[in-house]
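Visitor: My structure is stored as start34.tsv, with TSV, C-alpha atoms and all ligand atoms.
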chain	number	residue	atom	x	y	z
A	1	MET	CA	0.00	0.00	0.00
A	2	ALA	CA	1.63	3.24	-1.16
A	3	GLY	CA	0.02	5.67	1.29
A	4	PRO	CA	-1.58	5.49	4.71
A	5	THR	CA	-5.02	4.19	5.65
A	6	ALA	CA	-7.34	6.77	7.19
A	7	LEU	CA	-9.29	5.71	10.27
A	8	VAL	CA	-12.13	8.17	10.72
A	9	SER	CA	-14.54	8.35	13.62
A	10	ALA	CA	-17.54	10.60	14.05
A	11	LEU	CA	-17.27	11.12	17.79
A	12	HIS	CA	-14.48	11.65	20.37
A	13	GLU	CA	-15.13	8.47	22.35
A	14	GLU	CA	-14.74	6.31	19.26
A	15	LEU	CA	-11.57	7.99	18.07
A	16	ALA	CA	-10.08	7.63	21.55
A	17	ALA	CA	-10.78	3.89	21.42
A	18	VAL	CA	-9.10	3.60	18.02
A	19	LEU	CA	-6.10	5.76	19.05
A	20	GLY	CA	-5.74	3.50	22.08
A	21	LEU	CA	-4.77	0.72	19.67
A	22	MET	CA	-1.89	2.73	18.16
A	23	PRO	CA	1.43	2.50	20.00
A	24	ASP	CA	3.09	5.56	18.46
A	25	GLU	CA	0.62	8.21	17.36
A	26	GLN	CA	1.78	11.78	16.79
A	27	GLN	CA	-0.49	14.72	16.25
A	28	GLN	CA	-0.48	17.15	13.38
A	29	MET	CA	-2.91	20.06	12.98
A	30	SER	CA	-4.54	21.09	9.73
A	31	GLY	CA	-7.69	23.06	9.02
A	32	GLY	CA	-8.54	23.22	12.70
A	33	ARG	CA	-8.48	19.43	12.92
A	34	THR	CA	-6.08	17.15	14.77
A	35	PHE	CA	-4.74	14.31	12.63
A	36	TRP	CA	-3.04	11.42	14.42
A	37	ARG	CA	-0.32	9.67	12.44
A	38	GLY	CA	1.02	6.32	13.52
A	39	HIS	CA	0.94	2.60	12.93
A	40	LEU	CA	-1.43	-0.26	13.58
A	41	HIS	CA	-0.44	-3.86	12.88
A	42	GLY	CA	2.30	-2.64	10.54
A	43	HIS	CA	0.00	-0.34	8.56
A	44	ASP	CA	0.67	3.36	8.22
A	45	VAL	CA	-2.49	5.03	9.56
A	46	VAL	CA	-3.95	8.50	10.07
A	47	GLY	CA	-6.74	8.81	12.63
A	48	VAL	CA	-9.06	11.82	12.70
A	49	LEU	CA	-12.49	12.98	13.80
A	50	SER	CA	-14.71	13.58	10.80
A	51	GLY	CA	-16.58	16.43	12.44
A	52	ILE	CA	-20.36	16.28	12.50
A	53	GLY	CA	-22.35	17.00	9.36
A	54	LYS	CA	-21.66	16.86	5.63
A	55	VAL	CA	-19.51	19.98	5.23
A	56	ALA	CA	-17.18	19.07	8.10
A	57	ALA	CA	-16.99	15.52	6.76
A	58	ALA	CA	-16.20	16.60	3.19
A	59	THR	CA	-13.44	18.93	4.40
A	60	THR	CA	-11.90	16.18	6.52
A	61	ALA	CA	-12.03	13.70	3.63
A	62	THR	CA	-10.36	16.21	1.30
A	63	ALA	CA	-7.61	16.99	3.81
A	64	LEU	CA	-6.93	13.28	4.33
A	65	ILE	CA	-6.50	12.77	0.60
A	66	GLU	CA	-4.76	16.00	-0.43
A	67	ARG	CA	-2.55	16.59	2.56
A	68	PHE	CA	-1.95	13.15	4.04
A	69	GLY	CA	-2.05	11.14	0.81
A	70	VAL	CA	-4.29	8.43	2.26
A	71	GLN	CA	-4.95	5.53	-0.10
A	72	ARG	CA	-8.12	4.25	1.53
A	73	ILE	CA	-10.59	5.45	4.14
A	74	VAL	CA	-12.37	3.42	6.81
A	75	PHE	CA	-15.11	5.22	8.72
A	76	THR	CA	-16.69	4.00	11.96
A	77	GLY	CA	-19.54	5.70	13.76
A	78	VAL	CA	-23.08	5.42	15.04
A	79	ALA	CA	-26.35	5.82	13.16
A	80	GLY	CA	-30.09	5.69	13.62
A	81	GLY	CA	-31.85	2.57	12.35
A	82	LEU	CA	-34.53	3.18	9.71
A	83	ALA	CA	-35.50	-0.10	8.04
A	84	PRO	CA	-37.61	-2.50	10.08
A	85	GLY	CA	-35.31	-5.03	11.72
A	86	VAL	CA	-32.33	-2.66	11.99
A	87	ARG	CA	-32.15	-2.50	15.76
A	88	VAL	CA	-30.03	-0.81	18.43
A	89	GLY	CA	-26.79	-2.77	18.76
A	90	ASP	CA	-26.90	-4.01	15.16
A	91	VAL	CA	-24.27	-2.93	12.69
A	92	VAL	CA	-24.77	-1.53	9.19
A	93	VAL	CA	-22.02	-1.78	6.59
A	94	ALA	CA	-22.70	0.65	3.74
A	95	ARG	CA	-22.82	-0.59	0.16
A	96	GLN	CA	-24.21	2.69	-1.15
A	97	PHE	CA	-24.65	6.23	0.13
A	98	LEU	CA	-27.23	8.96	-0.54
A	99	GLN	CA	-27.79	12.50	0.77
A	100	HIS	CA	-31.38	12.41	1.99
A	101	ASP	CA	-31.58	16.21	2.23
A	102	MET	CA	-30.27	16.87	-1.31
A	103	ASP	CA	-33.15	18.34	-3.30
A	104	ALA	CA	-32.55	20.53	-6.36
A	105	SER	CA	-35.94	19.64	-7.84
A	106	PRO	CA	-37.55	20.49	-10.18
A	107	ILE	CA	-34.25	21.19	-12.02
A	108	PHE	CA	-32.86	17.79	-11.01
A	109	PRO	CA	-34.69	14.75	-9.69
A	110	ARG	CA	-35.01	14.70	-5.91
A	111	HIS	CA	-31.82	13.35	-4.22
A	112	GLU	CA	-29.73	13.61	-7.41
A	113	VAL	CA	-26.43	15.40	-6.79
A	114	PRO	CA	-26.23	18.16	-9.42
A	115	GLY	CA	-23.33	17.66	-11.81
A	116	TYR	CA	-23.02	13.94	-11.12
A	117	GLY	CA	-26.18	12.60	-12.77
A	118	ARG	CA	-26.73	10.29	-9.82
A	119	ALA	CA	-28.13	10.18	-6.32
A	120	THR	CA	-26.07	7.31	-4.91
A	121	PHE	CA	-22.36	6.68	-4.54
A	122	ASP	CA	-20.84	3.24	-3.97
A	123	ALA	CA	-18.62	1.98	-1.20
A	124	ASP	CA	-15.48	0.17	-2.37
A	125	ALA	CA	-16.50	-3.45	-2.95
A	126	THR	CA	-13.27	-5.15	-1.82
A	127	LEU	CA	-12.66	-3.07	1.30
A	128	THR	CA	-16.36	-3.33	2.19
A	129	ALA	CA	-16.38	-7.12	1.82
A	130	HIS	CA	-13.46	-7.29	4.23
A	131	LEU	CA	-15.11	-4.83	6.63
A	132	THR	CA	-18.33	-6.88	6.57
A	133	GLN	CA	-16.45	-10.07	7.34
A	134	VAL	CA	-14.71	-8.60	10.40
A	135	SER	CA	-17.85	-6.74	11.59
A	136	ASP	CA	-19.78	-9.98	11.49
A	137	LYS	CA	-17.12	-11.73	13.54
A	138	VAL	CA	-16.92	-8.91	16.10
A	139	LEU	CA	-20.71	-8.96	16.48
A	140	ARG	CA	-20.66	-12.67	17.19
A	141	GLU	CA	-17.91	-12.39	19.80
A	142	LEU	CA	-17.92	-8.96	21.43
A	143	PRO	CA	-21.32	-8.70	23.19
A	144	ALA	CA	-20.37	-11.57	25.53
A	145	ALA	CA	-17.18	-9.68	26.44
A	146	LEU	CA	-19.17	-6.52	27.26
A	147	GLY	CA	-20.92	-8.35	30.10
A	148	ASN	CA	-24.49	-9.32	30.92
A	149	GLU	CA	-25.49	-5.98	32.36
A	150	VAL	CA	-24.62	-4.09	29.17
A	151	VAL	CA	-26.13	-6.78	26.94
A	152	HIS	CA	-29.44	-6.54	28.82
A	153	ALA	CA	-29.42	-2.75	29.17
A	154	PHE	CA	-29.22	-2.31	25.38
A	155	GLY	CA	-30.84	-5.55	24.19
A	156	LEU	CA	-27.71	-6.89	22.49
A	157	GLN	CA	-28.75	-10.55	22.68
A	158	SER	CA	-28.66	-11.30	18.95
A	159	PRO	CA	-27.12	-8.40	17.04
A	160	ARG	CA	-27.13	-8.54	13.25
A	161	CYS	CA	-24.85	-7.17	10.55
A	162	HIS	CA	-26.78	-5.54	7.68
A	163	GLN	CA	-25.47	-4.33	4.32
A	164	GLY	CA	-27.04	-1.78	2.03
A	165	LEU	CA	-27.99	1.87	1.63
A	166	LEU	CA	-26.86	4.40	4.24
A	167	VAL	CA	-28.37	7.89	4.03
A	168	SER	CA	-26.82	11.10	5.33
A	169	GLY	CA	-28.09	14.61	5.99
A	170	ASP	CA	-27.46	17.65	8.15
A	171	ARG	CA	-30.04	16.70	10.72
A	172	PHE	CA	-30.10	14.50	13.80
A	173	VAL	CA	-33.27	12.52	13.09
A	174	SER	CA	-35.06	12.19	16.40
A	175	THR	CA	-38.78	12.16	15.83
A	176	THR	CA	-40.99	9.30	14.77
A	177	ALA	CA	-42.63	11.53	12.15
A	178	GLU	CA	-39.29	12.40	10.58
A	179	SER	CA	-38.03	8.82	10.43
A	180	ALA	CA	-41.37	7.70	8.95
A	181	ALA	CA	-41.04	10.37	6.25
A	182	LEU	CA	-37.50	9.17	5.47
A	183	ARG	CA	-38.66	5.55	5.25
A	184	ALA	CA	-41.47	6.57	2.90
A	185	ALA	CA	-39.15	8.60	0.63
A	186	LEU	CA	-36.30	6.07	0.72
A	187	PRO	CA	-37.66	2.58	1.43
A	188	GLU	CA	-34.25	0.98	0.76
A	189	ALA	CA	-32.46	3.03	3.44
A	190	LEU	CA	-31.14	0.92	6.30
A	191	ALA	CA	-29.90	3.72	8.55
A	192	VAL	CA	-29.42	7.48	8.81
A	193	GLU	CA	-26.41	9.49	9.93
A	194	MET	CA	-24.72	12.80	9.05
A	195	GLU	CA	-21.40	12.17	7.26
A	196	GLY	CA	-21.15	8.98	5.17
A	197	ALA	CA	-22.52	10.31	1.88
A	198	ALA	CA	-20.21	13.34	2.05
A	199	PHE	CA	-17.18	11.07	2.38
A	200	ALA	CA	-18.52	8.97	-0.49
A	201	GLN	CA	-18.81	11.95	-2.83
A	202	VAL	CA	-15.27	13.16	-2.08
A	203	CYS	CA	-13.85	9.63	-2.40
A	204	HIS	CA	-15.66	9.29	-5.73
A	205	ASP	CA	-14.06	12.55	-6.95
A	206	TYR	CA	-10.55	11.34	-6.06
A	207	GLY	CA	-10.96	7.62	-6.78
A	208	ILE	CA	-10.16	6.65	-3.18
A	209	PRO	CA	-11.69	3.44	-1.77
A	210	LEU	CA	-14.10	4.02	1.11
A	211	ALA	CA	-15.77	1.64	3.56
A	212	VAL	CA	-18.16	2.70	6.32
A	213	VAL	CA	-19.52	0.76	9.27
A	214	ARG	CA	-22.10	2.19	11.67
A	215	THR	CA	-23.32	0.78	14.96
A	216	ILE	CA	-27.02	1.46	15.44
A	217	SER	CA	-27.36	3.72	18.50
A	218	ASP	CA	-31.04	4.63	18.15
A	219	ARG	CA	-34.08	4.13	15.96
A	220	ALA	CA	-34.13	7.78	14.78
A	221	ASP	CA	-37.44	8.25	16.60
A	222	ASP	CA	-38.79	10.02	19.68
A	223	ALA	CA	-36.49	7.93	21.90
A	224	ALA	CA	-33.36	8.72	19.85
A	225	HIS	CA	-31.61	10.65	22.61
A	226	VAL	CA	-32.03	8.02	25.36
A	227	ASP	CA	-28.78	6.78	26.90
A	228	PHE	CA	-26.73	8.00	23.92
A	229	PRO	CA	-23.55	8.80	25.93
A	230	ARG	CA	-23.60	5.48	27.73
A	231	PHE	CA	-24.21	3.55	24.51
A	232	LEU	CA	-21.33	5.37	22.87
A	233	ARG	CA	-18.95	4.66	25.72
A	234	GLU	CA	-19.88	1.09	26.53
A	235	VAL	CA	-20.97	-0.34	23.19
A	236	ALA	CA	-20.25	1.68	20.02
A	237	SER	CA	-16.66	2.63	20.89
A	238	ARG	CA	-15.89	-0.97	21.76
A	239	TYR	CA	-17.37	-2.18	18.47
A	240	SER	CA	-15.41	0.42	16.47
A	241	ALA	CA	-12.09	-0.38	18.09
A	242	ALA	CA	-12.59	-4.15	17.73
A	243	ILE	CA	-13.64	-3.83	14.08
A	244	VAL	CA	-10.72	-1.55	13.15
A	245	GLU	CA	-8.30	-3.78	15.03
A	246	ALA	CA	-9.55	-6.93	13.25
A	247	LEU	CA	-9.59	-5.18	9.87
A	248	LEU	CA	-5.94	-4.13	10.07
A	249	ARG	CA	-4.79	-7.34	11.72
A	250	GLY	CA	-6.31	-9.41	8.91
B	1	LIG	N1	-24.63	13.90	21.31
B	1	LIG	C1	-23.49	13.89	20.44
B	1	LIG	C2	-23.86	14.40	19.11
B	1	LIG	C3	-24.40	13.36	18.28
B	1	LIG	S1	-24.66	13.99	16.70
B	1	LIG	C4	-22.40	14.73	21.00
B	1	LIG	O1	-22.59	15.31	22.05
B	1	LIG	O2	-21.34	14.82	20.40
B	1	LIG	C5	-25.03	12.56	15.94
B	1	LIG	C6	-23.88	11.74	15.44
B	1	LIG	O3	-24.31	10.41	15.41
B	1	LIG	C7	-23.54	12.10	14.03
B	1	LIG	O4	-22.17	11.86	13.82
B	1	LIG	C8	-24.41	11.17	13.19
B	1	LIG	O5	-23.69	10.69	12.08
B	1	LIG	C9	-24.75	10.01	14.13
B	1	LIG	N2	-26.18	9.68	14.32
B	1	LIG	C10	-26.59	8.73	15.22
B	1	LIG	N3	-27.93	8.65	15.24
B	1	LIG	C11	-28.39	9.54	14.33
B	1	LIG	C12	-29.70	9.95	13.92
B	1	LIG	N4	-30.80	9.41	14.47
B	1	LIG	N5	-29.82	10.92	12.98
B	1	LIG	C13	-28.71	11.49	12.47
B	1	LIG	N6	-27.45	11.16	12.83
B	1	LIG	C14	-27.27	10.20	13.75
How does this structure look as structure tokens?

Guide:
Amino acid sequence: MAGPTALVSALHEELAAVLGLMPDEQQQMSGGRTFWRGHLHGHDVVGVLSGIGKVAAATTATALIERFGVQRIVFTGVAGGLAPGVRVGDVVVARQFLQHDMDASPIFPRHEVPGYGRATFDADATLTAHLTQVSDKVLRELPAALGNEVVHAFGLQSPRCHQGLLVSGDRFVSTTAESAALRAALPEALAVEMEGAAFAQVCHDYGIPLAVVRTISDRADDAAHVDFPRFLREVASRYSAAIVEALLRG
């Protein structure tokens, strides 16, 4: 691999868990962001927070590619489950991305990104297949290691790994009405978050492979805020670190 692998997290707790795996990280500032350069299982890596929302995410992706020369990007974070059966504690690996709040109609069809002639962008097939394989394994093994109390508190008895469409927009979706509207407009969508599709568009522009995995933290409904910090600390960060570790070890 000619250049480093970027390990991107959406939130501080997750990045801290990933940085905890690196023996030698050194920080470098750019564009108001802290980039952590180091190694993990012999791979050159750059860890960074994406920032929340599509603009912050696109800027981070561009800096990783232009300034740090990354050759592939792996993104871990949390998301709200949309499709029936995508539950808290499940994991979604993105095959495709779409900006659910992109709407230049009637000039362009709803959701189409002007200038691209398309609404969806693809994840890299090879990197995503590998990410799915390790996510599946982590899901089978990790909940037991988190302990009974955590498993019961969040209902992690039989977590599943889903693959498909991930949708992004500049909105934390936290009402039942809003998630129902998203499901109606985009019946294929598995989960909603705020950064993935922005990374996908930038990676498409530069021809850089991207893979994204999201732990489901909420159902994007009226209960979406419940226990978020605890879930992040005790479940999502552990999933992210274990998945990244397994991905680079393999
Ligand atoms: N409470 C957090 C902020 C969370 S913002 C804090 O204090 O930092 C939401 C983050 O989680 C974003 O990165 C987004 O990608 C993801 N996310 C999780 N559930 C979501 C939902 N229901 N709608 C939109 N984004 C969600």

Visitor: Leaving out Val244 (chain A) and any residue of its chain fewer than 3 positions from it, which residues lie within 12 Å of it when counting all atoms listed in the file, given as an MDAnalysis selection string?

Guide: chainID A and resid 5:9 14:15 17:22 40:41 43 45 47 73:77 130:135 138 211:213 237:241 247:250

Visitor: Please find the residues contacting ligand LIG 1 (chain B) at a distance of at most 8 Å between atoms, with all atoms listed in the file counted, and report them as a VMD selection string.

Guide: chain A and resid 10 to 12 51 to 53 77 to 81 168 to 174 192 to 196 216 to 221 224 to 225 228 to 229

Visitor: Around all listed atoms of region 116-128 of chain A, padded 4 Å per side, what centre and edge lengths does the axis-aligned box have in Å to one decimal, as AutoDock Vina command-line options?

Guide:
--center_x -20.4 --center_y 4.4 --center_z -5.3 --size_x 23.5 --size_y 27.1 --size_z 23.0

Visitor: When you look at region 88-98 of chain A with a cut-off of 6 Å (counting all atoms listed in the file), what residues show up, excluding the ones that are within fewer than 3 positions of it in the same chain? I need them as a PyMOL selection string.

Guide: chain A and resi 119-123+156+159-167+197+212-218

Visitor: Please provide the set of residues having any atom within 8 Å of Val46 (chain A), restricted to all atoms listed in the file, with same-chain residues fewer than 6 positions apart removed, written as a list in words.

Guide: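 Counting only the stated atoms, we get Pro4, Thr5, Ala6, Leu7, Phe35, Trp36, Arg37, Gly38, Phe68 and Val70 of chain A.
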
Visitor: Tell me which of A:Ala2, A:Met102, A:Pro84, A:Glu25 sits closest to Ala198 (chain A), counting all atoms listed in the file.

Guide: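 That would be A:Met102, the residue with the smallest distance to Ala198 (chain A).
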
Visitor: Could you work out how far CA of Phe199 (chain A) lies from CA of Pro23 (chain A), giving the answer in Å with one decimal?

Guide: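 Here the two named atoms are 27.0 Å from each other.
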
Visitor: Between CA of His204 (chain A) and CA of Ile65 (chain A), what is the spacing in Å?

Guide: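 For CA of Ile65 (chain A) relative to CA of His204 (chain A), the distance reads 11.7 Å.
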
Visitor: Just give me the gap between CA of Asp124 (chain A) and CA of Pro209 (chain A) in Å, one decimal is fine.

Guide: 5.0 Å

Visitor: Give me the residues near Val150 (chain A) as a list in words, where near means some atom within 12 Å (using only C-alpha atoms) and where sequence neighbours in that chain fewer than 2 positions away do not count.

Guide: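 Near neighbours after the sequence-gap exclusion: Gly89, Leu142, Pro143, Ala144, Ala145, Leu146, Gly147, Asn148, His152, Ala153, Phe154, Gly155, Leu156, Gln157, Asp227, Arg230, Phe231, Leu232, Arg233, Glu234, Val235, Ala236 and Arg238 of chain A.
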
Visitor: For Glu141 (chain A), which of A:Leu210, A:Ser158, A:Ser50, A:Gly31 is the closest residue, counting all atoms listed in the file?

Guide: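 Smallest distance to Glu141 (chain A) is found for A:Ser158.
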
Visitor: For Arg183 (chain A), which residue among A:Leu82, A:Val55, A:Ala16, A:Met29 is the nearest when counting all atoms listed in the file?

Guide: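 Among A:Leu82, A:Val55, A:Ala16, A:Met29, it is A:Leu82 that comes nearest to Arg183 (chain A).
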